[in-house]
Amino acid sequence: MNLRSSVDIITEWDIVAARQLGRNEAKEVGFGTVDQARITTAISELARNIYLYAGKGNIEIKQIAEGNLKGLLVIASDKGPGIPDVRKVMEDGYTTSGGLGAGLPGVKRLMDEFKIDTVVGEGTTISATKWLR
Amino acid sequence: MNTEIATYIRDNVEEILEKWKIKMEDEKDDRFFQIMSDQVIDITVHEFGELMISSLTEERETYKMKINDFSEKIVRYGWSISFVLKALSNFTEVIYERMEEVGYFKKGDKLSFAELYTNWITPLNYSIVDAYTKVWEKTVQLQKIALQELSASLIPVFEKISVMPLVGTIDTERAKLIMENLLQGVVKHRAEVVLLDITGVPVVDTMVAHHIIQAADAVRLVGAKCMLVGIRPEIAQTIVALGINLTDFTTTSTLQRGVEQALALTNRAIVEVNSK
Ligand SMILES: Nc1ncnc2c1ncn2[C@@H]1O[C@H](COP(=O)(O)OP(=O)(O)OP(=O)(O)O)[C@@H](O)[C@H]1O
Ligand SMILES: [Mg+2]
């Protein structure tokens, strides 16, 4: 099983579209309301970061399986400026935009697995997985 | 040549429209033939024919007005622009074929056809696309206004207590509006306690939380207190996971509880009256 779908993030309203897609996929996998909210919120954070810091990018959502375990993988990728200090952005309250600085550490707590691949000047890819229990 | 074509169309309008209708029914996107009643189709088809004749014979202004009316109508009917343009080019084809058959053009006289097309259809295309876009823009604009009107008004429920129910997605633009209405409303209604009801907000992410916190700070500055109510259980959990600090807020799960607390804060309570 490897169902995938994606949304390009260009305008602020694309964030809503990505969220909507995430919610539908989460429902399809069988996640309950709390996990649906966690997944949609995580997508919202990642999509908004793309919109704010990279200008444009893409949110891909994949239904995945490992043995009996089903899950949802969210991949947020952009060709923006990249993140110079990954450890710093994972600190609660660190922000370069006057935000709350809660987005990335929040996504890590909302999801089960979390990974940042970033190269300064080339872009950022963030993958986050939620497993159905 | 224009008057010639116009006369020809007018004299043979029924036949042309019939042929054109058949051509259009062959189109893949025949959705509109299914959802529209025969009568409406008939009227619209005739109007279209009128429009074509008008574009050849009438003053620019008159037919521009007709194109606008027509565009408004087809937007309302939900025709797609590509479908309308297809209709236009099909119409031209029918006319050309008929005129060729009866000898207005020599067989295979592509040049005349090209001339006909550039002088007549291309400007018509532009006008229709233009009018169509304008109507769409107007519709979107109106919907935007409608959305703004329906969202974020501060409602006085008791003396000193007001509620702002938030419904739907909060984007940057709406967040600004919420802030404005909130502050204006607090002053206008002399509110001491404001309840922000987020029951209808589908996702509370850091941006929404940030706006709520800023709104509460601003409300405090004008001398009132802000409460956050209608926090659904799943929203409470995501707020906690995001690590958002709401300790400065009084928060309740339902609006009802919020109102009770707001009354308590203003030294009042709702009591049951014994009717005996
Ligand atoms: N895709 C990205 N490309 C480049 N920089 C990024 C990207 N995503 C995040 N960052 C950087 O990481 C910082 C922390 O991001 P995070 O989402 O945690 O907080 P924030 O966006 O500043 O505020 P909040 O999300 O709480 O509204 C950002 O301020 C930004 O500098
Ligand atoms: Mg962020």
# chains A, B, ... in the order shown; residues from 1 in each chain; ligands from 1
call {"tool": "interface_residues", "arguments": {"of": "chain A", "to": "chain B", "cutoff": "6 Å", "atoms": "only C-alpha atoms", "output": "list in words"}}
result
Val34, Arg38, Thr41, Ala102, Gly106, Arg109 and Leu110 of chain A
call {"tool": "select_by_dssp", "arguments": {"residues": "chain A", "states": "helix (DSSP H, G or I)", "output": "ChimeraX atom specification"}}
result
/A:12-29,33-54,86-89,103-110
call {"tool": "closest_residue", "arguments": {"among": "B:Lys134, B:Lys160, B:Arg268, B:Arg190", "to": "Glu72 in chain B", "atoms": "only C-alpha atoms"}}
result
B:Lys134
call {"tool": "residues_near_ligand", "arguments": {"ligand": "ligand 2", "cutoff": "7 Å", "atoms": "only C-alpha atoms and all ligand atoms", "output": "ChimeraX atom specification"}}
result
/A:45-46,48-49,101-104
call {"tool": "residues_near_ligand", "arguments": {"ligand": "ligand 1", "cutoff": "9 Å", "atoms": "only C-alpha atoms and all ligand atoms", "output": "VMD selection string"}}
result
(chain A and resid 45 to 55 57 76 to 86 88 to 107 118 120 123 to 126) or (chain B and resid 205 to 210 242 244)
call {"tool": "residues_around", "arguments": {"residues": "Leu69 in chain A", "least_positions_apart": "2", "cutoff": "8 Å", "atoms": "only C-alpha atoms", "output": "list in words"}}
result
Ala65, Glu66, Gly67, Gly71, Trp131, Leu132 and Arg133 of chain A
call {"tool": "write_last_selection", "arguments": {"atoms": "all heavy atoms", "output": "PDB file, in the first residue's frame"}}
result
ATOM      1  N   ALA A  65       2.451   1.664   5.606  1.00  0.00           N
ATOM      2  CA  ALA A  65       2.238   0.486   6.447  1.00  0.00           C
ATOM      3  C   ALA A  65       3.567  -0.187   6.730  1.00  0.00           C
ATOM      4  O   ALA A  65       4.457  -0.219   5.880  1.00  0.00           O
ATOM      5  CB  ALA A  65       1.294  -0.491   5.743  1.00  0.00           C
ATOM      6  N   GLU A  66       3.691  -0.694   7.961  1.00  0.00           N
ATOM      7  CA  GLU A  66       4.876  -1.453   8.332  1.00  0.00           C
ATOM      8  C   GLU A  66       4.384  -2.653   9.114  1.00  0.00           C
ATOM      9  O   GLU A  66       3.935  -2.507  10.250  1.00  0.00           O
ATOM     10  CB  GLU A  66       5.808  -0.592   9.192  1.00  0.00           C
ATOM     11  CG  GLU A  66       7.222  -0.460   8.641  1.00  0.00           C
ATOM     12  CD  GLU A  66       8.037   0.481   9.497  1.00  0.00           C
ATOM     13  OE1 GLU A  66       8.256   0.134  10.672  1.00  0.00           O
ATOM     14  OE2 GLU A  66       8.421   1.541   8.998  1.00  0.00           O
ATOM     15  N   GLY A  67       4.431  -3.814   8.481  1.00  0.00           N
ATOM     16  CA  GLY A  67       3.837  -4.980   9.131  1.00  0.00           C
ATOM     17  C   GLY A  67       2.346  -4.743   9.300  1.00  0.00           C
ATOM     18  O   GLY A  67       1.663  -4.409   8.337  1.00  0.00           O
ATOM     19  N   GLY A  71      -0.088   3.854   9.076  1.00  0.00           N
ATOM     20  CA  GLY A  71       0.248   5.222   9.489  1.00  0.00           C
ATOM     21  C   GLY A  71       0.141   6.222   8.374  1.00  0.00           C
ATOM     22  O   GLY A  71      -0.228   5.892   7.241  1.00  0.00           O
ATOM     23  N   TRP A 131       1.613   7.009  13.680  1.00  0.00           N
ATOM     24  CA  TRP A 131       1.171   5.612  13.568  1.00  0.00           C
ATOM     25  C   TRP A 131      -0.199   5.430  14.218  1.00  0.00           C
ATOM     26  O   TRP A 131      -0.501   6.062  15.224  1.00  0.00           O
ATOM     27  CB  TRP A 131       2.185   4.673  14.226  1.00  0.00           C
ATOM     28  CG  TRP A 131       3.515   4.664  13.535  1.00  0.00           C
ATOM     29  CD1 TRP A 131       4.674   5.199  14.000  1.00  0.00           C
ATOM     30  CD2 TRP A 131       3.805   4.095  12.245  1.00  0.00           C
ATOM     31  NE1 TRP A 131       5.683   5.005  13.093  1.00  0.00           N
ATOM     32  CE2 TRP A 131       5.181   4.333  12.004  1.00  0.00           C
ATOM     33  CE3 TRP A 131       3.050   3.435  11.279  1.00  0.00           C
ATOM     34  CZ2 TRP A 131       5.813   3.920  10.839  1.00  0.00           C
ATOM     35  CZ3 TRP A 131       3.678   3.021  10.116  1.00  0.00           C
ATOM     36  CH2 TRP A 131       5.036   3.270   9.904  1.00  0.00           C
ATOM     37  N   LEU A 132      -0.978   4.575  13.604  1.00  0.00           N
ATOM     38  CA  LEU A 132      -2.322   4.272  14.133  1.00  0.00           C
ATOM     39  C   LEU A 132      -2.199   3.186  15.195  1.00  0.00           C
ATOM     40  O   LEU A 132      -1.670   2.113  14.930  1.00  0.00           O
ATOM     41  CB  LEU A 132      -3.227   3.798  12.993  1.00  0.00           C
ATOM     42  CG  LEU A 132      -4.663   3.444  13.334  1.00  0.00           C
ATOM     43  CD1 LEU A 132      -5.436   4.678  13.754  1.00  0.00           C
ATOM     44  CD2 LEU A 132      -5.343   2.791  12.142  1.00  0.00           C
ATOM     45  N   ARG A 133      -2.660   3.475  16.389  1.00  0.00           N
ATOM     46  CA  ARG A 133      -2.574   2.467  17.465  1.00  0.00           C
ATOM     47  C   ARG A 133      -3.938   1.958  17.852  1.00  0.00           C
ATOM     48  O   ARG A 133      -4.895   2.663  17.773  1.00  0.00           O
ATOM     49  CB  ARG A 133      -1.905   3.071  18.695  1.00  0.00           C
ATOM     50  CG  ARG A 133      -0.458   3.299  18.463  1.00  0.00           C
ATOM     51  CD  ARG A 133       0.168   4.159  19.530  1.00  0.00           C
ATOM     52  NE  ARG A 133       1.220   4.969  18.940  1.00  0.00           N
ATOM     53  CZ  ARG A 133       2.407   4.496  18.578  1.00  0.00           C
ATOM     54  NH1 ARG A 133       2.690   3.222  18.751  1.00  0.00           N
ATOM     55  NH2 ARG A 133       3.318   5.279  18.052  1.00  0.00           N
TER      56      ARG A 133
END
call {"tool": "closest_residue", "arguments": {"among": "A:Val119, A:Ile64, A:Ile59, A:Ile75", "to": "Leu21 in chain A", "atoms": "only C-alpha atoms"}}
result
A:Ile59
call {"tool": "select_by_dssp", "arguments": {"residues": "range 122-270 of chain B", "states": "strand (DSSP E or B)", "output": "JSON, numbers by chain"}}
result
{"B": [155, 156, 157, 158, 161, 162, 163, 164, 165, 166, 167, 193, 194, 195, 196, 197, 198, 199, 200, 225, 226, 227, 228, 229, 250, 251, 252]}
call {"tool": "write_last_selection", "arguments": {"atoms": "N, CA, C and O atoms", "output": "mmCIF file, in the first residue's frame"}}
result
data_model
loop_
_atom_site.group_PDB
_atom_site.id
_atom_site.type_symbol
_atom_site.label_atom_id
_atom_site.label_comp_id
_atom_site.auth_asym_id
_atom_site.auth_seq_id
_atom_site.Cartn_x
_atom_site.Cartn_y
_atom_site.Cartn_z
ATOM 1 N N ILE B 155 -20.950 40.214 20.371
ATOM 2 C CA ILE B 155 -22.366 40.275 20.739
ATOM 3 C C ILE B 155 -22.500 40.492 22.244
ATOM 4 O O ILE B 155 -22.015 39.685 23.027
ATOM 5 N N PRO B 156 -23.165 41.581 22.638
ATOM 6 C CA PRO B 156 -23.390 41.762 24.066
ATOM 7 C C PRO B 156 -24.462 40.793 24.538
ATOM 8 O O PRO B 156 -25.545 40.755 23.960
ATOM 9 N N VAL B 157 -24.167 39.980 25.550
ATOM 10 C CA VAL B 157 -25.173 39.022 26.015
ATOM 11 C C VAL B 157 -25.783 39.421 27.350
ATOM 12 O O VAL B 157 -26.958 39.196 27.597
ATOM 13 N N PHE B 158 -24.943 40.007 28.210
ATOM 14 C CA PHE B 158 -25.437 40.605 29.454
ATOM 15 C C PHE B 158 -24.742 41.943 29.585
ATOM 16 O O PHE B 158 -23.772 42.211 28.877
ATOM 17 N N ILE B 161 -20.934 41.886 29.715
ATOM 18 C CA ILE B 161 -20.414 40.628 29.163
ATOM 19 C C ILE B 161 -20.732 40.526 27.672
ATOM 20 O O ILE B 161 -21.887 40.663 27.265
ATOM 21 N N SER B 162 -19.705 40.285 26.853
ATOM 22 C CA SER B 162 -19.914 40.116 25.418
ATOM 23 C C SER B 162 -19.258 38.828 24.927
ATOM 24 O O SER B 162 -18.284 38.362 25.515
ATOM 25 N N VAL B 163 -19.816 38.290 23.841
ATOM 26 C CA VAL B 163 -19.287 37.060 23.277
ATOM 27 C C VAL B 163 -18.903 37.292 21.822
ATOM 28 O O VAL B 163 -19.626 37.948 21.079
ATOM 29 N N MET B 164 -17.749 36.763 21.421
ATOM 30 C CA MET B 164 -17.410 36.749 20.004
ATOM 31 C C MET B 164 -17.258 35.305 19.543
ATOM 32 O O MET B 164 -16.285 34.641 19.868
ATOM 33 N N PRO B 165 -18.248 34.813 18.797
ATOM 34 C CA PRO B 165 -18.126 33.439 18.288
ATOM 35 C C PRO B 165 -17.263 33.448 17.028
ATOM 36 O O PRO B 165 -17.526 34.199 16.108
ATOM 37 N N LEU B 166 -16.229 32.648 17.036
ATOM 38 C CA LEU B 166 -15.374 32.547 15.854
ATOM 39 C C LEU B 166 -15.733 31.277 15.100
ATOM 40 O O LEU B 166 -15.771 30.195 15.676
ATOM 41 N N VAL B 167 -16.030 31.460 13.811
ATOM 42 C CA VAL B 167 -16.424 30.308 13.009
ATOM 43 C C VAL B 167 -15.555 30.237 11.764
ATOM 44 O O VAL B 167 -15.378 31.225 11.066
ATOM 45 N N VAL B 193 -16.012 41.727 30.526
ATOM 46 C CA VAL B 193 -15.523 40.390 30.207
ATOM 47 C C VAL B 193 -15.901 40.052 28.763
ATOM 48 O O VAL B 193 -17.036 40.273 28.345
ATOM 49 N N VAL B 194 -14.936 39.556 28.023
ATOM 50 C CA VAL B 194 -15.185 39.149 26.644
ATOM 51 C C VAL B 194 -14.917 37.660 26.521
ATOM 52 O O VAL B 194 -13.881 37.172 26.957
ATOM 53 N N LEU B 195 -15.871 36.931 25.951
ATOM 54 C CA LEU B 195 -15.664 35.502 25.751
ATOM 55 C C LEU B 195 -15.379 35.235 24.273
ATOM 56 O O LEU B 195 -16.198 35.554 23.417
ATOM 57 N N LEU B 196 -14.207 34.705 23.992
ATOM 58 C CA LEU B 196 -13.879 34.309 22.623
ATOM 59 C C LEU B 196 -14.261 32.842 22.478
ATOM 60 O O LEU B 196 -13.658 31.976 23.113
ATOM 61 N N ASP B 197 -15.252 32.586 21.643
ATOM 62 C CA ASP B 197 -15.738 31.211 21.510
ATOM 63 C C ASP B 197 -15.122 30.557 20.275
ATOM 64 O O ASP B 197 -15.411 30.957 19.154
ATOM 65 N N ILE B 198 -14.276 29.553 20.477
ATOM 66 C CA ILE B 198 -13.590 28.929 19.340
ATOM 67 C C ILE B 198 -14.182 27.569 18.957
ATOM 68 O O ILE B 198 -13.544 26.783 18.258
ATOM 69 N N THR B 199 -15.427 27.339 19.398
ATOM 70 C CA THR B 199 -16.083 26.071 19.043
ATOM 71 C C THR B 199 -16.042 25.810 17.537
ATOM 72 O O THR B 199 -15.854 24.684 17.094
ATOM 73 N N GLY B 200 -16.203 26.877 16.744
ATOM 74 C CA GLY B 200 -16.312 26.709 15.300
ATOM 75 C C GLY B 200 -14.996 26.836 14.549
ATOM 76 O O GLY B 200 -14.987 26.889 13.320
ATOM 77 N N LYS B 225 -11.426 41.866 30.403
ATOM 78 C CA LYS B 225 -10.782 40.576 30.565
ATOM 79 C C LYS B 225 -11.262 39.629 29.462
ATOM 80 O O LYS B 225 -12.423 39.652 29.086
ATOM 81 N N CYS B 226 -10.337 38.847 28.946
ATOM 82 C CA CYS B 226 -10.685 37.965 27.839
ATOM 83 C C CYS B 226 -10.702 36.507 28.300
ATOM 84 O O CYS B 226 -9.768 36.039 28.953
ATOM 85 N N MET B 227 -11.765 35.799 27.979
ATOM 86 C CA MET B 227 -11.828 34.371 28.302
ATOM 87 C C MET B 227 -11.895 33.568 27.010
ATOM 88 O O MET B 227 -12.491 33.999 26.037
ATOM 89 N N LEU B 228 -11.284 32.403 27.036
ATOM 90 C CA LEU B 228 -11.300 31.548 25.848
ATOM 91 C C LEU B 228 -12.245 30.379 26.126
ATOM 92 O O LEU B 228 -12.014 29.589 27.040
ATOM 93 N N VAL B 229 -13.319 30.300 25.357
ATOM 94 C CA VAL B 229 -14.297 29.241 25.625
ATOM 95 C C VAL B 229 -14.523 28.383 24.379
ATOM 96 O O VAL B 229 -14.122 28.746 23.276
ATOM 97 N N THR B 250 -8.522 32.614 31.334
ATOM 98 C CA THR B 250 -9.491 31.692 31.897
ATOM 99 C C THR B 250 -10.026 30.922 30.697
ATOM 100 O O THR B 250 -10.410 31.514 29.696
ATOM 101 N N THR B 251 -10.001 29.607 30.777
ATOM 102 C CA THR B 251 -10.496 28.821 29.653
ATOM 103 C C THR B 251 -11.584 27.877 30.131
ATOM 104 O O THR B 251 -11.529 27.365 31.245
ATOM 105 N N THR B 252 -12.584 27.680 29.286
ATOM 106 C CA THR B 252 -13.624 26.705 29.614
ATOM 107 C C THR B 252 -13.964 25.904 28.369
ATOM 108 O O THR B 252 -13.702 26.347 27.249
#
call {"tool": "residues_around", "arguments": {"residues": "Thr44 in chain B", "least_positions_apart": "5", "cutoff": "10 Å", "atoms": "only C-alpha atoms", "output": "PyMOL selection string"}}
result
chain B and resi 38-39+49-50+70+73-74
